[in-house]
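File shown here: model10.pdb, holding PDB, C-alpha atoms and all ligand atoms.
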ATOM      1  CA  MET Q   6     124.060 129.620 121.211  1.00  0.00           C
ATOM      2  CA  LEU Q   7     124.598 130.848 117.662  1.00  0.00           C
ATOM      3  CA  THR Q   8     127.421 133.285 116.937  1.00  0.00           C
ATOM      4  CA  ILE Q   9     128.138 134.733 113.515  1.00  0.00           C
ATOM      5  CA  TRP Q  10     131.362 136.591 112.733  1.00  0.00           C
ATOM      6  CA  GLY Q  11     131.131 138.909 109.768  1.00  0.00           C
ATOM      7  CA  ARG Q  12     130.408 142.412 108.599  1.00  0.00           C
ATOM      8  CA  LYS Q  13     126.836 143.181 107.534  1.00  0.00           C
ATOM      9  CA  ASN Q  14     127.951 144.586 104.176  1.00  0.00           C
ATOM     10  CA  SER Q  15     129.316 141.200 103.019  1.00  0.00           C
ATOM     11  CA  ILE Q  16     127.019 139.308 100.634  1.00  0.00           C
ATOM     12  CA  ASN Q  17     128.202 135.995 102.102  1.00  0.00           C
ATOM     13  CA  VAL Q  18     127.366 137.172 105.612  1.00  0.00           C
ATOM     14  CA  GLN Q  19     124.024 138.521 104.408  1.00  0.00           C
ATOM     15  CA  LYS Q  20     122.877 135.122 103.110  1.00  0.00           C
ATOM     16  CA  VAL Q  21     123.482 133.605 106.549  1.00  0.00           C
ATOM     17  CA  LEU Q  22     121.684 136.503 108.250  1.00  0.00           C
ATOM     18  CA  TRP Q  23     118.833 136.079 105.767  1.00  0.00           C
ATOM     19  CA  CYS Q  24     118.577 132.386 106.594  1.00  0.00           C
ATOM     20  CA  CYS Q  25     118.547 133.136 110.337  1.00  0.00           C
ATOM     21  CA  GLY Q  26     115.932 135.837 109.781  1.00  0.00           C
ATOM     22  CA  GLU Q  27     113.712 133.448 107.821  1.00  0.00           C
ATOM     23  CA  LEU Q  28     113.929 130.958 110.679  1.00  0.00           C
ATOM     24  CA  SER Q  29     113.573 133.570 113.433  1.00  0.00           C
ATOM     25  CA  LEU Q  30     116.816 132.289 114.956  1.00  0.00           C
ATOM     26  CA  LYS Q  31     118.418 134.431 117.633  1.00  0.00           C
ATOM     27  CA  TYR Q  32     122.140 135.000 117.193  1.00  0.00           C
ATOM     28  CA  ASP Q  33     125.029 137.169 118.277  1.00  0.00           C
ATOM     29  CA  ARG Q  34     126.959 138.831 115.460  1.00  0.00           C
ATOM     30  CA  ILE Q  35     130.531 139.996 115.812  1.00  0.00           C
ATOM     31  CA  ASP Q  36     131.805 142.492 113.225  1.00  0.00           C
ATOM     32  CA  ALA Q  37     134.741 140.996 111.319  1.00  0.00           C
ATOM     33  CA  GLY Q  38     136.370 141.500 107.927  1.00  0.00           C
ATOM     34  CA  MET Q  39     137.609 144.508 105.946  1.00  0.00           C
ATOM     35  CA  GLU Q  40     137.388 147.684 108.072  1.00  0.00           C
ATOM     36  CA  HIS Q  41     136.728 145.647 111.239  1.00  0.00           C
ATOM     37  CA  GLY Q  42     139.784 143.391 111.014  1.00  0.00           C
ATOM     38  CA  VAL Q  43     139.446 140.428 113.406  1.00  0.00           C
ATOM     39  CA  ASN Q  44     139.635 137.869 110.575  1.00  0.00           C
ATOM     40  CA  ASN Q  45     143.426 138.027 110.482  1.00  0.00           C
ATOM     41  CA  THR Q  46     143.910 137.275 114.172  1.00  0.00           C
ATOM     42  CA  PRO Q  47     145.292 133.877 115.201  1.00  0.00           C
ATOM     43  CA  GLU Q  48     142.117 133.291 117.263  1.00  0.00           C
ATOM     44  CA  TYR Q  49     139.913 133.799 114.206  1.00  0.00           C
ATOM     45  CA  ARG Q  50     142.210 131.732 111.960  1.00  0.00           C
ATOM     46  CA  ALA Q  51     141.919 128.892 114.472  1.00  0.00           C
ATOM     47  CA  LEU Q  52     138.167 128.928 113.817  1.00  0.00           C
ATOM     48  CA  ASN Q  53     138.350 129.593 110.084  1.00  0.00           C
ATOM     49  CA  PRO Q  54     141.706 128.915 108.403  1.00  0.00           C
ATOM     50  CA  ASN Q  55     140.527 130.749 105.236  1.00  0.00           C
ATOM     51  CA  GLY Q  56     140.333 133.980 107.226  1.00  0.00           C
ATOM     52  CA  LEU Q  57     137.141 134.967 105.392  1.00  0.00           C
ATOM     53  CA  VAL Q  58     133.704 135.909 106.672  1.00  0.00           C
ATOM     54  CA  PRO Q  59     131.297 134.577 107.707  1.00  0.00           C
ATOM     55  CA  THR Q  60     132.238 132.075 110.380  1.00  0.00           C
ATOM     56  CA  ILE Q  61     129.450 130.461 112.364  1.00  0.00           C
ATOM     57  CA  ASN Q  62     129.687 128.805 115.762  1.00  0.00           C
ATOM     58  CA  TYR Q  63     126.595 126.891 116.811  1.00  0.00           C
ATOM     59  CA  ASP Q  64     127.070 125.437 120.301  1.00  0.00           C
ATOM     60  CA  GLY Q  65     130.707 124.615 119.505  1.00  0.00           C
ATOM     61  CA  PHE Q  66     130.102 123.388 115.959  1.00  0.00           C
ATOM     62  CA  VAL Q  67     132.108 125.741 113.755  1.00  0.00           C
ATOM     63  CA  LEU Q  68     131.046 126.260 110.154  1.00  0.00           C
ATOM     64  CA  TRP Q  69     132.719 128.319 107.476  1.00  0.00           C
ATOM     65  CA  GLU Q  70     132.177 128.393 103.720  1.00  0.00           C
ATOM     66  CA  ALA Q  71     128.591 129.608 103.601  1.00  0.00           C
ATOM     67  CA  PRO Q  72     126.817 127.752 100.816  1.00  0.00           C
ATOM     68  CA  ASP Q  73     125.114 129.232  97.774  1.00  0.00           C
ATOM     69  CA  ASN Q  74     121.631 130.787  97.980  1.00  0.00           C
ATOM     70  CA  VAL Q  75     119.834 127.588  96.893  1.00  0.00           C
ATOM     71  CA  SER Q  76     121.616 125.566  99.594  1.00  0.00           C
ATOM     72  CA  MET Q  77     120.828 128.202 102.206  1.00  0.00           C
ATOM     73  CA  ALA Q  78     117.160 128.012 101.153  1.00  0.00           C
ATOM     74  CA  ALA Q  79     117.345 124.204 101.398  1.00  0.00           C
ATOM     75  CA  VAL Q  80     118.655 124.452 104.961  1.00  0.00           C
ATOM     76  CA  ALA Q  81     115.874 126.899 105.844  1.00  0.00           C
ATOM     77  CA  LEU Q  82     113.245 124.595 104.311  1.00  0.00           C
ATOM     78  CA  ALA Q  83     114.603 121.496 106.051  1.00  0.00           C
ATOM     79  CA  ILE Q  84     114.746 123.151 109.465  1.00  0.00           C
ATOM     80  CA  GLY Q  85     111.331 124.736 108.955  1.00  0.00           C
ATOM     81  CA  ALA Q  86     109.783 121.410 107.917  1.00  0.00           C
ATOM     82  CA  GLY Q  87     111.347 119.726 110.952  1.00  0.00           C
ATOM     83  CA  GLY Q  88     109.028 121.689 113.204  1.00  0.00           C
ATOM     84  CA  ALA Q  89     111.793 123.659 114.883  1.00  0.00           C
ATOM     85  CA  VAL Q  90     109.986 126.881 114.049  1.00  0.00           C
ATOM     86  CA  SER Q  91     106.292 127.460 114.563  1.00  0.00           C
ATOM     87  CA  SER Q  92     105.717 129.492 111.436  1.00  0.00           C
ATOM     88  CA  PHE Q  93     107.714 129.833 108.270  1.00  0.00           C
ATOM     89  CA  ASP Q  94     107.031 132.687 105.881  1.00  0.00           C
ATOM     90  CA  THR Q  95     109.656 132.950 103.219  1.00  0.00           C
ATOM     91  CA  THR Q  96     110.747 135.998 101.276  1.00  0.00           C
ATOM     92  CA  VAL Q  97     111.038 135.324  97.559  1.00  0.00           C
ATOM     93  CA  LEU Q  98     114.697 135.859  96.715  1.00  0.00           C
ATOM     94  CA  ILE Q  99     115.220 132.923  94.355  1.00  0.00           C
ATOM     95  CA  SER Q 100     113.606 131.799  91.093  1.00  0.00           C
ATOM     96  CA  VAL Q 101     111.025 129.019  90.717  1.00  0.00           C
ATOM     97  CA  GLU Q 102     113.695 126.686  89.309  1.00  0.00           C
ATOM     98  CA  GLU Q 103     116.036 127.478  92.208  1.00  0.00           C
ATOM     99  CA  THR Q 104     113.170 126.857  94.636  1.00  0.00           C
ATOM    100  CA  ILE Q 105     112.581 123.405  93.126  1.00  0.00           C
ATOM    101  CA  ASN Q 106     116.311 122.690  93.451  1.00  0.00           C
ATOM    102  CA  ALA Q 107     116.180 123.891  97.062  1.00  0.00           C
ATOM    103  CA  LEU Q 108     113.240 121.566  97.790  1.00  0.00           C
ATOM    104  CA  ARG Q 109     115.188 118.622  96.298  1.00  0.00           C
ATOM    105  CA  LYS Q 110     118.255 119.492  98.388  1.00  0.00           C
ATOM    106  CA  ALA Q 111     116.131 119.944 101.517  1.00  0.00           C
ATOM    107  CA  GLY Q 112     115.128 116.282 101.231  1.00  0.00           C
ATOM    108  CA  GLN Q 113     118.799 115.292 101.512  1.00  0.00           C
ATOM    109  CA  ILE Q 114     119.537 117.346 104.617  1.00  0.00           C
ATOM    110  CA  ARG Q 115     119.724 115.192 107.690  1.00  0.00           C
ATOM    111  CA  TYR Q 116     118.269 117.537 110.273  1.00  0.00           C
ATOM    112  CA  ARG Q 117     116.822 116.434 113.598  1.00  0.00           C
ATOM    113  CA  PRO Q 118     114.863 119.065 115.530  1.00  0.00           C
ATOM    114  CA  PRO Q 119     115.995 119.663 119.128  1.00  0.00           C
ATOM    115  CA  GLY Q 120     114.346 117.124 121.449  1.00  0.00           C
ATOM    116  CA  ALA Q 121     113.368 114.724 118.650  1.00  0.00           C
TER
HETATM  117  N1  LIG L   1     132.898 130.785 100.009  1.00  0.00           N
HETATM  118  C1  LIG L   1     133.177 131.674 101.116  1.00  0.00           C
HETATM  119  C2  LIG L   1     133.501 133.046 100.604  1.00  0.00           C
HETATM  120  C3  LIG L   1     133.643 134.025 101.740  1.00  0.00           C
HETATM  121  C4  LIG L   1     134.124 135.361 101.236  1.00  0.00           C
HETATM  122  O1  LIG L   1     134.583 135.492 100.083  1.00  0.00           O
HETATM  123  N2  LIG L   1     134.027 136.369 102.116  1.00  0.00           N
HETATM  124  C5  LIG L   1     134.514 137.675 101.792  1.00  0.00           C
HETATM  125  C6  LIG L   1     133.414 138.703 102.011  1.00  0.00           C
HETATM  126  S1  LIG L   1     132.016 138.463 100.943  1.00  0.00           S
HETATM  127  C7  LIG L   1     135.634 138.026 102.748  1.00  0.00           C
HETATM  128  O2  LIG L   1     135.786 137.442 103.791  1.00  0.00           O
HETATM  129  N3  LIG L   1     136.442 139.009 102.350  1.00  0.00           N
HETATM  130  C8  LIG L   1     137.498 139.487 103.195  1.00  0.00           C
HETATM  131  C9  LIG L   1     137.057 140.465 104.253  1.00  0.00           C
HETATM  132  O3  LIG L   1     135.862 140.785 104.343  1.00  0.00           O
HETATM  133  O4  LIG L   1     137.906 140.896 105.018  1.00  0.00           O
HETATM  134  C10 LIG L   1     131.979 131.728 102.016  1.00  0.00           C
HETATM  135  O5  LIG L   1     130.870 131.879 101.508  1.00  0.00           O
HETATM  136  O6  LIG L   1     132.150 131.615 103.209  1.00  0.00           O
END
Entire entry expressed as structure tokens:
Amino acid sequence: MLTIWGRKNSINVQKVLWCCGELSLKYDRIDAGMEHGVNNTPEYRALNPNGLVPTINYDGFVLWEAPDNVSMAAVALAIGAGGAVSSFDTTVLISVEETINALRKAGQIRYRPPGA
């Protein structure tokens, strides 16, 4: 179960949503931040002490501090190459040089597909 807290008009939330979209991952999104509040509640701060969006909870593993675009692309490439998704069509949002950097980073990501 993948849950993402964050408002859709946040660039940092958008890069996570983009990554999930590229990987066809299903997720629940809870509006949080700015006009939605939520990120100042003690419950949210327990998940993400920075009180910023996004916050991601993947089966109990909580992640905050969404990485830069190249790192997000690297994660998408690593998961895609691991066979977790049947097809992987990417949308070009980064430069050739950034893509090469993403490919290098993807090689360092220790990802094991479910069931492997
Ligand atoms: N490095 C952090 C930065 C997060 C960040 O700056 N989020 C902004 C939105 S883009 C935020 O939470 N602002 C306060 C708010 O939306 O209430 C990350 O990527 O997670």
Each residue of chain Q with at least one atom at most 12 Å from ligand LIG 1 (chain L) should appear once, together with its nearest atom pair and the corresponding distance in Å (one decimal); atoms considered: all atoms listed in the file; ordering: chain, then increasing residue number; output as a Markdown table.
| residue | atom | partner | partner_atom | distance |
| --- | --- | --- | --- | --- |
| Q:Ile9 | CA | L:LIG1 | O6 | 11.5 |
| Q:Trp10 | CA | L:LIG1 | O2 | 10.0 |
| Q:Gly11 | CA | L:LIG1 | O3 | 7.4 |
| Q:Arg12 | CA | L:LIG1 | O3 | 7.1 |
| Q:Lys13 | CA | L:LIG1 | S1 | 9.6 |
| Q:Asn14 | CA | L:LIG1 | S1 | 8.0 |
| Q:Ser15 | CA | L:LIG1 | S1 | 4.4 |
| Q:Ile16 | CA | L:LIG1 | S1 | 5.1 |
| Q:Asn17 | CA | L:LIG1 | S1 | 4.7 |
| Q:Val18 | CA | L:LIG1 | S1 | 6.7 |
| Q:Gln19 | CA | L:LIG1 | S1 | 8.7 |
| Q:Lys20 | CA | L:LIG1 | O5 | 8.8 |
| Q:Val21 | CA | L:LIG1 | O5 | 9.1 |
| Q:Asp36 | CA | L:LIG1 | O3 | 9.9 |
| Q:Ala37 | CA | L:LIG1 | O4 | 7.1 |
| Q:Gly38 | CA | L:LIG1 | O4 | 3.3 |
| Q:Met39 | CA | L:LIG1 | O4 | 3.7 |
| Q:Glu40 | CA | L:LIG1 | O4 | 7.5 |
| Q:His41 | CA | L:LIG1 | O4 | 7.9 |
| Q:Gly42 | CA | L:LIG1 | O4 | 6.8 |
| Q:Val43 | CA | L:LIG1 | O4 | 8.5 |
| Q:Asn44 | CA | L:LIG1 | O4 | 6.6 |
| Q:Asn45 | CA | L:LIG1 | O4 | 8.3 |
| Q:Thr46 | CA | L:LIG1 | O4 | 11.5 |
| Q:Tyr49 | CA | L:LIG1 | O2 | 11.8 |
| Q:Arg50 | CA | L:LIG1 | O2 | 11.9 |
| Q:Asn53 | CA | L:LIG1 | O6 | 9.5 |
| Q:Pro54 | CA | L:LIG1 | O6 | 11.2 |
| Q:Asn55 | CA | L:LIG1 | O2 | 8.3 |
| Q:Gly56 | CA | L:LIG1 | O2 | 6.7 |
| Q:Leu57 | CA | L:LIG1 | O2 | 3.2 |
| Q:Val58 | CA | L:LIG1 | O2 | 3.9 |
| Q:Pro59 | CA | L:LIG1 | O6 | 5.5 |
| Q:Thr60 | CA | L:LIG1 | O6 | 7.2 |
| Q:Ile61 | CA | L:LIG1 | O6 | 9.6 |
| Q:Leu68 | CA | L:LIG1 | O6 | 8.8 |
| Q:Trp69 | CA | L:LIG1 | O6 | 5.4 |
| Q:Glu70 | CA | L:LIG1 | O6 | 3.3 |
| Q:Ala71 | CA | L:LIG1 | O5 | 3.8 |
| Q:Pro72 | CA | L:LIG1 | O5 | 5.8 |
| Q:Asp73 | CA | L:LIG1 | O5 | 7.4 |
| Q:Asn74 | CA | L:LIG1 | O5 | 9.9 |
| Q:Ser76 | CA | L:LIG1 | O5 | 11.4 |
| Q:Met77 | CA | L:LIG1 | O5 | 10.7 |
Would you write out those residues with C-alpha atoms, as a PDB file, in the frame of the given file?
ATOM      1  CA  ILE Q   9     128.138 134.733 113.515  1.00  0.00           C
ATOM      2  CA  TRP Q  10     131.362 136.591 112.733  1.00  0.00           C
ATOM      3  CA  GLY Q  11     131.131 138.909 109.768  1.00  0.00           C
ATOM      4  CA  ARG Q  12     130.408 142.412 108.599  1.00  0.00           C
ATOM      5  CA  LYS Q  13     126.836 143.181 107.534  1.00  0.00           C
ATOM      6  CA  ASN Q  14     127.951 144.586 104.176  1.00  0.00           C
ATOM      7  CA  SER Q  15     129.316 141.200 103.019  1.00  0.00           C
ATOM      8  CA  ILE Q  16     127.019 139.308 100.634  1.00  0.00           C
ATOM      9  CA  ASN Q  17     128.202 135.995 102.102  1.00  0.00           C
ATOM     10  CA  VAL Q  18     127.366 137.172 105.612  1.00  0.00           C
ATOM     11  CA  GLN Q  19     124.024 138.521 104.408  1.00  0.00           C
ATOM     12  CA  LYS Q  20     122.877 135.122 103.110  1.00  0.00           C
ATOM     13  CA  VAL Q  21     123.482 133.605 106.549  1.00  0.00           C
ATOM     14  CA  ASP Q  36     131.805 142.492 113.225  1.00  0.00           C
ATOM     15  CA  ALA Q  37     134.741 140.996 111.319  1.00  0.00           C
ATOM     16  CA  GLY Q  38     136.370 141.500 107.927  1.00  0.00           C
ATOM     17  CA  MET Q  39     137.609 144.508 105.946  1.00  0.00           C
ATOM     18  CA  GLU Q  40     137.388 147.684 108.072  1.00  0.00           C
ATOM     19  CA  HIS Q  41     136.728 145.647 111.239  1.00  0.00           C
ATOM     20  CA  GLY Q  42     139.784 143.391 111.014  1.00  0.00           C
ATOM     21  CA  VAL Q  43     139.446 140.428 113.406  1.00  0.00           C
ATOM     22  CA  ASN Q  44     139.635 137.869 110.575  1.00  0.00           C
ATOM     23  CA  ASN Q  45     143.426 138.027 110.482  1.00  0.00           C
ATOM     24  CA  THR Q  46     143.910 137.275 114.172  1.00  0.00           C
ATOM     25  CA  TYR Q  49     139.913 133.799 114.206  1.00  0.00           C
ATOM     26  CA  ARG Q  50     142.210 131.732 111.960  1.00  0.00           C
ATOM     27  CA  ASN Q  53     138.350 129.593 110.084  1.00  0.00           C
ATOM     28  CA  PRO Q  54     141.706 128.915 108.403  1.00  0.00           C
ATOM     29  CA  ASN Q  55     140.527 130.749 105.236  1.00  0.00           C
ATOM     30  CA  GLY Q  56     140.333 133.980 107.226  1.00  0.00           C
ATOM     31  CA  LEU Q  57     137.141 134.967 105.392  1.00  0.00           C
ATOM     32  CA  VAL Q  58     133.704 135.909 106.672  1.00  0.00           C
ATOM     33  CA  PRO Q  59     131.297 134.577 107.707  1.00  0.00           C
ATOM     34  CA  THR Q  60     132.238 132.075 110.380  1.00  0.00           C
ATOM     35  CA  ILE Q  61     129.450 130.461 112.364  1.00  0.00           C
ATOM     36  CA  LEU Q  68     131.046 126.260 110.154  1.00  0.00           C
ATOM     37  CA  TRP Q  69     132.719 128.319 107.476  1.00  0.00           C
ATOM     38  CA  GLU Q  70     132.177 128.393 103.720  1.00  0.00           C
ATOM     39  CA  ALA Q  71     128.591 129.608 103.601  1.00  0.00           C
ATOM     40  CA  PRO Q  72     126.817 127.752 100.816  1.00  0.00           C
ATOM     41  CA  ASP Q  73     125.114 129.232  97.774  1.00  0.00           C
ATOM     42  CA  ASN Q  74     121.631 130.787  97.980  1.00  0.00           C
ATOM     43  CA  SER Q  76     121.616 125.566  99.594  1.00  0.00           C
ATOM     44  CA  MET Q  77     120.828 128.202 102.206  1.00  0.00           C
TER      45      MET Q  77
END
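In this model, the gap between CA of Ala51 (chain Q) and CA of Gly26 (chain Q) comes to 27.3 Å.
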Do you know which residues the PyMOL selection byres (((chain Q and resi 65) around 12) and not hetatm) returns on this file, as a ChimeraX atom specification?
/Q:6-8,52,60-64,66-68
Restricted to C-alpha atoms, what would the selected residues look like written as a short mmCIF file (atom, residue, chain, number, x, y, z; two decimals), in the frame of the given file?
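As written to disk, again-v3.cif reads:
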data_model
loop_
_atom_site.label_atom_id
_atom_site.label_comp_id
_atom_site.auth_asym_id
_atom_site.auth_seq_id
_atom_site.Cartn_x
_atom_site.Cartn_y
_atom_site.Cartn_z
CA MET Q 6 124.06 129.62 121.21
CA LEU Q 7 124.60 130.85 117.66
CA THR Q 8 127.42 133.28 116.94
CA LEU Q 52 138.17 128.93 113.82
CA THR Q 60 132.24 132.07 110.38
CA ILE Q 61 129.45 130.46 112.36
CA ASN Q 62 129.69 128.80 115.76
CA TYR Q 63 126.60 126.89 116.81
CA ASP Q 64 127.07 125.44 120.30
CA PHE Q 66 130.10 123.39 115.96
CA VAL Q 67 132.11 125.74 113.76
CA LEU Q 68 131.05 126.26 110.15
#
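Minimum atom-to-atom distance to Ala81 (chain Q), evaluated using all atoms listed in the file, belongs to Q:Cys24 out of Q:Cys24, Q:Ala107, Q:Val101, Q:Leu30.
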List the residues selected by the PyMOL selection byres (((chain Q and resi 115) around 12) and not hetatm) in the file shown, writing them as a PyMOL selection string.
chain Q and resi 79-80+82-84+86-87+110-114+116-118
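Interatomic distance, CA of Ile99 (chain Q) to CA of Glu27 (chain Q): 13.6 Å.
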Axis-aligned box for region 7-25 of chain Q, 4 Å per side, centre and edges in Å as JSON:
{"center_x": 125.0, "center_y": 137.7, "center_z": 109.1, "size_x": 20.8, "size_y": 21.7, "size_z": 25.0}
What is the CA of Glu103 (chain Q) to CA of Val75 (chain Q) distance in Å?
6.0 Å
